[in-house]
Amino acid sequence: MLICKVLKPLVSTNRIADFQHKHLQVVLDGSTQKVAVDAVGAIPGDWVICVGSSAAREAAGSKSYPSDLTIVGIIDHWDPEAAKEMAAGNPAANPAATPAKPPGGAG
């Protein structure tokens, strides 16, 4: 699975019949723009969960569907900068890893 940001819808009115009328979105995966089938109704600016390979085809509706990337969920809260800091090993970026101070302010 990937976490991507939806940039904009992609309109393609002339496409193969197997593509049906599924909505397409341009998503940002790191610094790479990709096209994803939108199975959940995401809008530009949403952070989304995407699946690839055979999972993408099945999530789009059929194992024979021609998709390499499908949006399967919209993330409620995502801070990409905090995620980068956590990946770099900065414990201050993860509130769960910071010990709570005892009542009364001691510590």
# chains A, B, ... in the order shown; residues from 1 in each chain; ligands from 1
>>> residues_around(residues="segment 17-27 of chain A", least_positions_apart="2", cutoff="9 Å", atoms="only C-alpha atoms", output="PyMOL selection string")
chain A and resi 4-13+15+29+32-39+41-44+48+60+64-67+70-71
>>> select_by_dssp(residues="segment 26-63 of chain A", states="alpha helix (DSSP H)", output="list in words")
Ser53, Ser54, Ala55, Ala56, Arg57, Glu58, Ala59 and Ala60 of chain A
>>> atom_distance(atom1="atom CA of Gly73 of chain A", atom2="atom CA of Cys50 of chain A")
7.2 Å
>>> closest_residue(among="A:Ala82, A:Gly30, A:Ser62, A:Ser53", to="Ile3 of chain A", atoms="only C-alpha atoms")
A:Gly30
>>> select_by_dssp(residues="chain A", states="strand (DSSP E)", output="PDB file with C-alpha atoms, in the first residue's frame")
ATOM      1  CA  LEU A   2       1.039   3.580  -0.638  1.00  0.00           C
ATOM      2  CA  ILE A   3       0.119   6.924   0.877  1.00  0.00           C
ATOM      3  CA  CYS A   4      -0.381   9.470  -1.905  1.00  0.00           C
ATOM      4  CA  LYS A   5      -1.820  12.962  -2.291  1.00  0.00           C
ATOM      5  CA  VAL A   6      -4.564  13.578  -4.857  1.00  0.00           C
ATOM      6  CA  LEU A   7      -3.510  16.400  -7.184  1.00  0.00           C
ATOM      7  CA  LYS A   8      -6.337  16.638  -9.707  1.00  0.00           C
ATOM      8  CA  PRO A   9      -8.889  14.590 -11.632  1.00  0.00           C
ATOM      9  CA  LEU A  10      -7.878  13.169 -14.982  1.00  0.00           C
ATOM     10  CA  HIS A  23     -13.028   8.102 -12.223  1.00  0.00           C
ATOM     11  CA  LEU A  24      -9.297   8.704 -12.564  1.00  0.00           C
ATOM     12  CA  GLN A  25      -7.099  10.893 -10.365  1.00  0.00           C
ATOM     13  CA  VAL A  26      -3.551  12.171 -10.703  1.00  0.00           C
ATOM     14  CA  VAL A  27      -1.802  11.366  -7.417  1.00  0.00           C
ATOM     15  CA  LEU A  28       1.600  12.275  -6.048  1.00  0.00           C
ATOM     16  CA  ASP A  29       3.723   9.405  -4.744  1.00  0.00           C
ATOM     17  CA  THR A  32       6.313  11.041  -8.912  1.00  0.00           C
ATOM     18  CA  GLN A  33       2.922  11.733 -10.465  1.00  0.00           C
ATOM     19  CA  LYS A  34       0.833   8.625 -11.157  1.00  0.00           C
ATOM     20  CA  VAL A  35      -2.675   7.926 -12.404  1.00  0.00           C
ATOM     21  CA  ALA A  36      -4.971   6.005 -10.069  1.00  0.00           C
ATOM     22  CA  VAL A  37      -8.498   4.660 -10.414  1.00  0.00           C
ATOM     23  CA  ASP A  38     -10.627   6.334  -7.744  1.00  0.00           C
ATOM     24  CA  TRP A  47      -4.307  12.081   1.326  1.00  0.00           C
ATOM     25  CA  VAL A  48      -5.267   8.593   0.209  1.00  0.00           C
ATOM     26  CA  ILE A  49      -4.318   4.937   0.546  1.00  0.00           C
ATOM     27  CA  CYS A  50      -3.537   3.293  -2.783  1.00  0.00           C
ATOM     28  CA  VAL A  51      -2.982  -0.328  -3.687  1.00  0.00           C
ATOM     29  CA  GLY A  52      -1.133  -1.650  -6.702  1.00  0.00           C
ATOM     30  CA  LEU A  69      -3.019   1.720  -8.978  1.00  0.00           C
ATOM     31  CA  THR A  70      -6.378   2.142  -7.216  1.00  0.00           C
ATOM     32  CA  ILE A  71      -7.388   4.540  -4.434  1.00  0.00           C
ATOM     33  CA  VAL A  72      -9.048   2.444  -1.715  1.00  0.00           C
ATOM     34  CA  GLY A  73      -9.283   4.879   1.207  1.00  0.00           C
ATOM     35  CA  ILE A  74      -9.219   8.542   2.198  1.00  0.00           C
TER      36      ILE A  74
END
